[in-house]
$ cat model.tsv   # TSV, C-alpha atoms
chain	number	residue	atom	x	y	z
A	1	MET	CA	17.44	3.72	21.88
A	2	HIS	CA	18.86	5.14	18.63
A	3	HIS	CA	16.23	6.91	16.52
A	4	SER	CA	16.96	4.60	13.53
A	5	THR	CA	16.32	1.52	15.70
A	6	ARG	CA	13.06	3.07	16.94
A	7	LYS	CA	12.02	3.87	13.34
A	8	TRP	CA	12.82	0.29	12.23
A	9	ILE	CA	10.71	-1.16	15.08
A	10	VAL	CA	7.77	1.14	14.19
A	11	ILE	CA	8.04	0.11	10.49
A	12	LYS	CA	8.01	-3.58	11.43
A	13	CYS	CA	5.10	-3.23	13.90
A	14	SER	CA	3.04	-1.24	11.37
A	15	SER	CA	3.73	-3.85	8.68
A	16	VAL	CA	2.46	-6.66	10.97
A	17	ILE	CA	-0.72	-4.63	11.66
A	18	LEU	CA	-1.08	-3.62	7.99
A	19	ILE	CA	-0.96	-7.11	6.40
A	20	PRO	CA	-4.40	-8.37	7.63
A	21	LEU	CA	-5.93	-4.91	7.04
A	22	MET	CA	-4.60	-4.89	3.44
A	23	ILE	CA	-6.21	-8.30	2.86
A	24	TRP	CA	-9.55	-7.05	4.29
A	25	PHE	CA	-9.34	-3.85	2.26
A	26	ILE	CA	-8.47	-5.33	-1.15
A	27	VAL	CA	-11.08	-8.13	-0.90
A	28	ASN	CA	-13.77	-5.59	-0.01
A	29	LEU	CA	-12.60	-3.09	-2.63
A	30	VAL	CA	-12.98	-5.81	-5.30
A	31	SER	CA	-16.50	-6.50	-4.03
A	32	ILE	CA	-17.69	-2.84	-4.04
A	33	TYR	CA	-15.72	-0.85	-6.64
A	34	ASP	CA	-18.32	-1.19	-9.45
A	35	LYS	CA	-21.42	-0.95	-7.24
A	36	ASN	CA	-23.83	1.97	-7.42
A	37	TYR	CA	-23.76	5.00	-5.13
A	38	ASN	CA	-26.31	3.70	-2.61
A	39	GLU	CA	-24.56	0.33	-2.19
A	40	LEU	CA	-21.22	2.12	-1.61
A	41	VAL	CA	-22.74	4.47	0.97
A	42	ASN	CA	-24.36	1.45	2.68
A	43	PHE	CA	-20.98	-0.29	2.83
A	44	PHE	CA	-19.13	2.72	4.26
A	45	SER	CA	-21.98	3.48	6.70
A	46	LYS	CA	-21.50	0.19	8.54
A	47	THR	CA	-19.61	0.66	11.81
A	48	SER	CA	-17.33	-2.32	11.07
A	49	SER	CA	-16.36	-0.81	7.67
A	50	LYS	CA	-15.72	2.62	9.22
A	51	VAL	CA	-13.51	1.20	11.99
A	52	LEU	CA	-11.53	-1.18	9.75
A	53	TYR	CA	-11.11	1.41	6.97
A	54	THR	CA	-9.88	3.97	9.54
A	55	MET	CA	-7.40	1.43	10.96
A	56	PHE	CA	-6.27	0.53	7.42
A	57	LEU	CA	-5.66	4.19	6.47
A	58	ILE	CA	-3.72	4.95	9.67
A	59	ALA	CA	-1.56	1.82	9.33
A	60	ALA	CA	-1.05	2.25	5.56
A	61	PHE	CA	-0.05	5.92	5.67
A	62	SER	CA	2.21	5.35	8.72
A	63	PHE	CA	3.95	2.41	7.06
A	64	PHE	CA	4.28	3.94	3.60
A	65	SER	CA	5.48	7.35	4.83
A	66	LEU	CA	8.19	5.72	6.96
A	67	THR	CA	9.34	3.39	4.18
A	68	ILE	CA	9.26	6.09	1.48
A	69	SER	CA	11.36	8.31	3.78
A	70	GLU	CA	13.89	5.44	3.70
A	71	VAL	CA	13.90	5.67	-0.12
A	72	PHE	CA	14.61	9.44	0.24
A	73	GLU	CA	17.43	8.54	2.66
A	74	ASP	CA	18.95	6.19	0.08
A	75	TYR	CA	18.67	8.30	-3.05
A	76	ILE	CA	18.63	12.04	-2.11
A	77	ASN	CA	22.08	13.40	-1.34
A	78	ASN	CA	21.24	17.00	-0.52
A	79	GLU	CA	20.29	17.21	3.18
A	80	LYS	CA	17.98	20.23	2.77
A	81	ILE	CA	16.00	18.69	-0.10
A	82	LYS	CA	15.81	15.39	1.79
A	83	ASN	CA	14.48	17.07	4.96
A	84	VAL	CA	11.90	19.13	3.06
A	85	ALA	CA	10.76	16.07	1.05
A	86	THR	CA	10.43	14.02	4.25
A	87	LYS	CA	8.46	16.76	6.04
A	88	ILE	CA	6.09	17.16	3.05
A	89	LEU	CA	5.64	13.38	3.03
A	90	TYR	CA	4.76	13.30	6.76
A	91	VAL	CA	2.26	16.20	6.42
A	92	PHE	CA	0.69	14.43	3.42
A	93	ALA	CA	0.49	11.16	5.43
A	94	ILE	CA	-1.44	12.97	8.19
A	95	VAL	CA	-3.73	15.24	6.14
A	96	VAL	CA	-5.00	12.76	3.50
A	97	PRO	CA	-6.15	9.99	5.89
A	98	LEU	CA	-7.53	12.56	8.35
A	99	ILE	CA	-9.79	14.20	5.72
A	100	THR	CA	-10.86	10.75	4.45
A	101	ILE	CA	-11.68	9.45	7.93
A	102	LEU	CA	-13.71	12.58	8.74
A	103	SER	CA	-15.58	12.17	5.41
A	104	ILE	CA	-16.36	8.52	6.12
A	105	PHE	CA	-17.79	9.34	9.53
A	106	ARG	CA	-20.05	12.00	7.93
A	107	LEU	CA	-21.58	9.42	5.54
A	108	ASN	CA	-24.97	8.07	6.54
B	1	MET	CA	29.81	14.25	8.07
B	2	LEU	CA	26.16	13.71	7.16
B	3	GLU	CA	26.74	15.43	3.79
B	4	LYS	CA	29.28	12.69	2.94
B	5	ASN	CA	26.95	9.76	3.61
B	6	PRO	CA	27.16	7.36	0.66
B	7	LEU	CA	24.01	6.90	-1.44
B	8	SER	CA	22.70	3.56	-2.63
B	9	PRO	CA	24.39	2.54	-5.88
B	10	HIS	CA	22.50	3.15	-9.10
B	11	LEU	CA	20.38	0.22	-10.26
B	12	GLN	CA	22.29	-0.40	-13.52
B	13	ILE	CA	25.52	-1.45	-11.78
B	14	TYR	CA	23.88	-4.57	-10.31
B	15	ARG	CA	23.85	-7.90	-12.10
B	16	TRP	CA	20.19	-8.93	-12.04
B	17	HIS	CA	19.18	-11.61	-9.53
B	18	ILE	CA	15.75	-12.59	-8.28
B	19	SER	CA	16.56	-10.95	-4.91
B	20	SER	CA	17.46	-7.58	-6.49
B	21	LEU	CA	14.48	-7.80	-8.85
B	22	LEU	CA	12.13	-8.37	-5.91
B	23	SER	CA	13.77	-5.66	-3.80
B	24	ILE	CA	13.40	-3.02	-6.53
B	25	THR	CA	9.89	-4.19	-7.43
B	26	HIS	CA	8.94	-4.03	-3.72
B	27	ARG	CA	9.90	-0.34	-3.58
B	28	ILE	CA	8.18	0.53	-6.86
B	29	VAL	CA	5.03	-1.37	-5.83
B	30	GLY	CA	5.10	0.34	-2.41
B	31	VAL	CA	5.10	3.79	-4.03
B	32	ALA	CA	2.39	2.69	-6.52
B	33	ASN	CA	0.26	1.36	-3.64
B	34	ILE	CA	0.36	4.60	-1.67
B	35	ILE	CA	-0.58	6.56	-4.82
B	36	ALA	CA	-3.47	4.11	-5.34
B	37	VAL	CA	-4.59	4.37	-1.69
B	38	THR	CA	-4.50	8.19	-2.01
B	39	LEU	CA	-6.74	7.99	-5.10
B	40	ILE	CA	-9.06	5.64	-3.20
B	41	CYS	CA	-9.21	8.29	-0.43
B	42	VAL	CA	-10.28	10.85	-3.06
B	43	TRP	CA	-12.85	8.32	-4.37
B	44	THR	CA	-14.23	7.90	-0.83
B	45	ILE	CA	-14.36	11.67	-0.25
B	46	CYS	CA	-16.28	12.04	-3.57
B	47	LEU	CA	-19.15	10.04	-2.02
B	48	LEU	CA	-19.91	13.11	0.13
B	49	PHE	CA	-20.80	15.12	-3.00
B	50	GLY	CA	-23.88	13.03	-3.75
B	51	GLU	CA	-25.17	10.50	-6.26
B	52	GLU	CA	-25.23	12.75	-9.37
B	53	ASN	CA	-21.58	13.74	-9.00
B	54	TYR	CA	-20.61	10.09	-8.52
B	55	GLU	CA	-21.98	8.97	-11.94
B	56	SER	CA	-18.76	9.61	-13.93
B	57	ILE	CA	-16.62	7.72	-11.39
B	58	ASN	CA	-19.04	4.80	-11.45
B	59	PHE	CA	-18.94	4.83	-15.26
B	60	PHE	CA	-15.12	4.54	-15.17
B	61	PHE	CA	-15.16	1.65	-12.67
B	62	GLN	CA	-17.64	-0.28	-14.79
B	63	SER	CA	-15.42	0.07	-17.87
B	64	PHE	CA	-12.60	-2.26	-18.95
B	65	PHE	CA	-9.99	0.19	-17.61
B	66	GLY	CA	-11.71	0.31	-14.22
B	67	LYS	CA	-11.58	-3.49	-13.96
B	68	LEU	CA	-7.95	-3.51	-15.16
B	69	LEU	CA	-7.06	-0.97	-12.46
B	70	ILE	CA	-8.64	-3.11	-9.73
B	71	VAL	CA	-6.98	-6.33	-10.99
B	72	SER	CA	-3.61	-4.49	-11.09
B	73	LEU	CA	-4.20	-3.21	-7.58
B	74	SER	CA	-5.06	-6.75	-6.42
B	75	TRP	CA	-1.69	-7.91	-7.79
B	76	SER	CA	0.30	-5.02	-6.31
B	77	PHE	CA	-1.30	-5.57	-2.88
B	78	SER	CA	-0.73	-9.36	-3.12
B	79	PHE	CA	2.90	-8.88	-4.10
B	80	HIS	CA	3.49	-6.34	-1.35
B	81	ILE	CA	1.87	-8.54	1.32
B	82	LEU	CA	3.83	-11.67	0.32
B	83	ASN	CA	7.16	-9.88	0.00
B	84	GLU	CA	6.56	-8.09	3.32
B	85	ILE	CA	5.98	-11.51	4.96
B	86	ARG	CA	9.28	-12.63	3.37
B	87	HIS	CA	11.01	-9.57	4.92
B	88	LEU	CA	9.45	-10.29	8.34
B	89	ILE	CA	10.74	-13.90	8.17
B	90	TRP	CA	14.23	-12.52	7.43
B	91	ASP	CA	13.86	-10.15	10.40
B	92	LEU	CA	13.24	-13.20	12.61
B	93	GLY	CA	16.56	-14.60	11.36
B	94	TYR	CA	15.31	-17.24	8.92
B	95	GLY	CA	15.60	-17.68	5.13
B	96	PHE	CA	18.96	-15.96	4.51
B	97	ASP	CA	20.48	-18.98	2.76
B	98	LEU	CA	20.94	-18.13	-0.94
B	99	LYS	CA	18.99	-21.16	-2.15
B	100	ILE	CA	16.12	-20.57	0.31
B	101	SER	CA	16.09	-16.88	-0.60
B	102	LYS	CA	15.69	-17.75	-4.31
B	103	ILE	CA	12.93	-20.27	-3.54
B	104	THR	CA	10.98	-17.75	-1.38
B	105	GLY	CA	11.47	-15.17	-4.16
B	106	VAL	CA	9.90	-17.50	-6.74
B	107	ILE	CA	7.10	-18.35	-4.27
B	108	THR	CA	6.45	-14.60	-3.86
B	109	ILE	CA	6.15	-14.04	-7.62
B	110	ILE	CA	3.96	-17.09	-8.33
B	111	GLY	CA	2.02	-16.57	-5.07
B	112	SER	CA	1.21	-12.97	-5.99
B	113	LEU	CA	-0.34	-14.11	-9.28
B	114	VAL	CA	-2.34	-16.91	-7.61
B	115	SER	CA	-3.44	-14.53	-4.81
B	116	THR	CA	-4.64	-11.99	-7.38
B	117	ILE	CA	-6.97	-14.60	-8.88
B	118	LEU	CA	-8.14	-15.73	-5.41
B	119	ILE	CA	-8.72	-12.16	-4.14
B	120	TYR	CA	-10.65	-11.16	-7.27
B	121	SER	CA	-12.77	-14.34	-7.27
B	122	PHE	CA	-13.46	-14.17	-3.53
B	123	GLY	CA	-14.15	-10.42	-3.61
B	124	LYS	CA	-16.61	-10.77	-6.48
B	125	SER	CA	-18.51	-13.51	-4.67
B	126	LEU	CA	-18.84	-11.46	-1.44
B	127	ILE	CA	-21.74	-9.19	-2.40

$ encode --input "model.tsv" --output "structure tokens"
Amino acid sequence: MHHSTRKWIVIKCSSVILIPLMIWFIVNLVSIYDKNYNELVNFFSKTSSKVLYTMFLIAAFSFFSLTISEVFEDYINNEKIKNVATKILYVFAIVVPLITILSIFRLN
Amino acid sequence: MLEKNPLSPHLQIYRWHISSLLSITHRIVGVANIIAVTLICVWTICLLFGEENYESINFFFQSFFGKLLIVSLSWSFSFHILNEIRHLIWDLGYGFDLKISKITGVITIIGSLVSTILIYSFGKSLI
């Protein structure tokens, strides 16, 4: 299978997974964003919140990094700059959710 | 050979249609959403630093600008979800007809506004 075909399939699968998680996330974000510290910690301490938030972050950063790399493909002509930008994007898409997920699992 | 790959044309050479408007908005909203999700990650990590350090963030979220940010995020998520569903329907081979494409485009725009109201109302009634 050509790598572009594989990338397209991964983008489409991640978007199907991401849609219900985005709905869960935004509805819950609206319900908690202005709550006090203890209520927020209570929300993120629930196992269901931890699991769904982790799934949301993995799906969101996978989907967005792949689609933003497509934007780089379309608008950056210089191959070196494009490759460096894409690599930075992929590292960012791994590090940010990883630190967040580890933080969430340390909350009690 | 790769060096000579053509780039996408610049935006100003297109005559504006609802399809091009939605396509460009989809990309801009996608980038805005990942920036927002990154900031939300930072917000979540800040919870580890304790209640006292969280006060200033809580103060911002209780202000007008905090509410505006969340309403804007509700719209950008709604728009992205609806337009992504539109893309998935295209991927299944449906909705390519010009008239249908315009109708689904209008549904996406109006639907994103209605969904924003529904998400905000439903979210506020949850807790």

$ closest_residue --input "model.tsv" --among "A:Lys80, A:Arg106, A:Lys12, A:Lys50" --to "Ile89 in chain B" --atoms "only C-alpha atoms"
A:Lys12

$ residues_around --input "model.tsv" --residues "Ala93 in chain A" --least-positions-apart "3" --cutoff "9 Å" --atoms "all atoms listed in the file" --output "list in words"
Ile58, Phe61, Ser62, Phe64, Ser65, Ile88, Leu89, Tyr90, Val96, Pro97 and Leu98 of chain A

$ closest_residue --input "model.tsv" --among "B:Trp16, B:Phe64, B:Trp90, B:Phe122" --to "chain A" --atoms "only C-alpha atoms"
B:Phe122

$ interface_residues --input "model.tsv" --of "chain A" --to "chain B" --cutoff "7 Å" --atoms "all atoms listed in the file" --output "ChimeraX atom specification"
/A:19,26-28,30-31,33-34,36-37,64,74-75,77,79,100,103,107

$ residues_near_point --input "model.tsv" --point "(14.6, 1.1, -2.4)" --cutoff "9 Å" --atoms "all atoms listed in the file" --output "list in words"
Thr67, Ile68, Glu70, Val71, Phe72, Asp74 and Tyr75 of chain A; Ser8, Ser23, Ile24, Thr25, His26, Arg27 and Ile28 of chain B

$ write_last_selection --input "model.tsv" --atoms "C-alpha atoms" --output "mmCIF file, in the frame of the given file"
data_model
loop_
_atom_site.group_PDB
_atom_site.id
_atom_site.type_symbol
_atom_site.label_atom_id
_atom_site.label_comp_id
_atom_site.auth_asym_id
_atom_site.auth_seq_id
_atom_site.Cartn_x
_atom_site.Cartn_y
_atom_site.Cartn_z
ATOM 1 C CA THR A 67 9.340 3.390 4.180
ATOM 2 C CA ILE A 68 9.260 6.090 1.480
ATOM 3 C CA GLU A 70 13.890 5.440 3.700
ATOM 4 C CA VAL A 71 13.900 5.670 -0.120
ATOM 5 C CA PHE A 72 14.610 9.440 0.240
ATOM 6 C CA ASP A 74 18.950 6.190 0.080
ATOM 7 C CA TYR A 75 18.670 8.300 -3.050
ATOM 8 C CA SER B 8 22.700 3.560 -2.630
ATOM 9 C CA SER B 23 13.770 -5.660 -3.800
ATOM 10 C CA ILE B 24 13.400 -3.020 -6.530
ATOM 11 C CA THR B 25 9.890 -4.190 -7.430
ATOM 12 C CA HIS B 26 8.940 -4.030 -3.720
ATOM 13 C CA ARG B 27 9.900 -0.340 -3.580
ATOM 14 C CA ILE B 28 8.180 0.530 -6.860
#

$ residues_near_point --input "model.tsv" --point "(6.9, -15.1, -7.8)" --cutoff "12 Å" --atoms "all atoms listed in the file" --output "PyMOL selection string"
chain B and resi 18-19+21-22+25-26+75+78-80+82-83+86+101-116

$ residues_around --input "model.tsv" --residues "Leu52 in chain A" --least-positions-apart "4" --cutoff "8 Å" --atoms "all atoms listed in the file" --output "PDB file with C-alpha atoms, in the coordinates of the input"
ATOM      1  CA  LEU A  21      -5.930  -4.910   7.040  1.00  0.00           C
ATOM      2  CA  SER A  48     -17.330  -2.320  11.070  1.00  0.00           C
ATOM      3  CA  PHE A  56      -6.270   0.530   7.420  1.00  0.00           C
TER       4      PHE A  56
END

$ build_atoms --input "model.tsv" --residues "range 85-97 of chain A" --atoms "N, CA and C atoms" --output "short mmCIF file (atom, residue, chain, number, x, y, z; two decimals), keeping the file's coordinate frame"
data_model
loop_
_atom_site.label_atom_id
_atom_site.label_comp_id
_atom_site.auth_asym_id
_atom_site.auth_seq_id
_atom_site.Cartn_x
_atom_site.Cartn_y
_atom_site.Cartn_z
N ALA A 85 11.55 17.16 1.66
CA ALA A 85 10.76 16.07 1.05
C ALA A 85 10.14 15.18 2.13
N THR A 86 10.93 14.88 3.17
CA THR A 86 10.43 14.02 4.25
C THR A 86 9.32 14.71 5.03
N LYS A 87 9.49 16.02 5.30
CA LYS A 87 8.46 16.76 6.04
C LYS A 87 7.16 16.84 5.23
N ILE A 88 7.28 17.11 3.92
CA ILE A 88 6.09 17.16 3.05
C ILE A 88 5.38 15.80 3.07
N LEU A 89 6.19 14.74 3.00
CA LEU A 89 5.64 13.38 3.03
C LEU A 89 4.85 13.12 4.32
N TYR A 90 5.42 13.53 5.47
CA TYR A 90 4.76 13.30 6.76
C TYR A 90 3.46 14.11 6.87
N VAL A 91 3.48 15.37 6.38
CA VAL A 91 2.26 16.20 6.42
C VAL A 91 1.18 15.55 5.55
N PHE A 92 1.58 15.11 4.35
CA PHE A 92 0.69 14.43 3.42
C PHE A 92 0.08 13.18 4.09
N ALA A 93 0.92 12.42 4.80
CA ALA A 93 0.49 11.16 5.43
C ALA A 93 -0.44 11.40 6.62
N ILE A 94 -0.50 12.64 7.11
CA ILE A 94 -1.44 12.97 8.19
C ILE A 94 -2.73 13.56 7.61
N VAL A 95 -2.57 14.49 6.66
CA VAL A 95 -3.73 15.24 6.14
C VAL A 95 -4.69 14.34 5.32
N VAL A 96 -4.14 13.57 4.39
CA VAL A 96 -5.00 12.76 3.50
C VAL A 96 -5.87 11.75 4.28
N PRO A 97 -5.26 10.92 5.15
CA PRO A 97 -6.15 9.99 5.89
C PRO A 97 -7.11 10.71 6.83
#
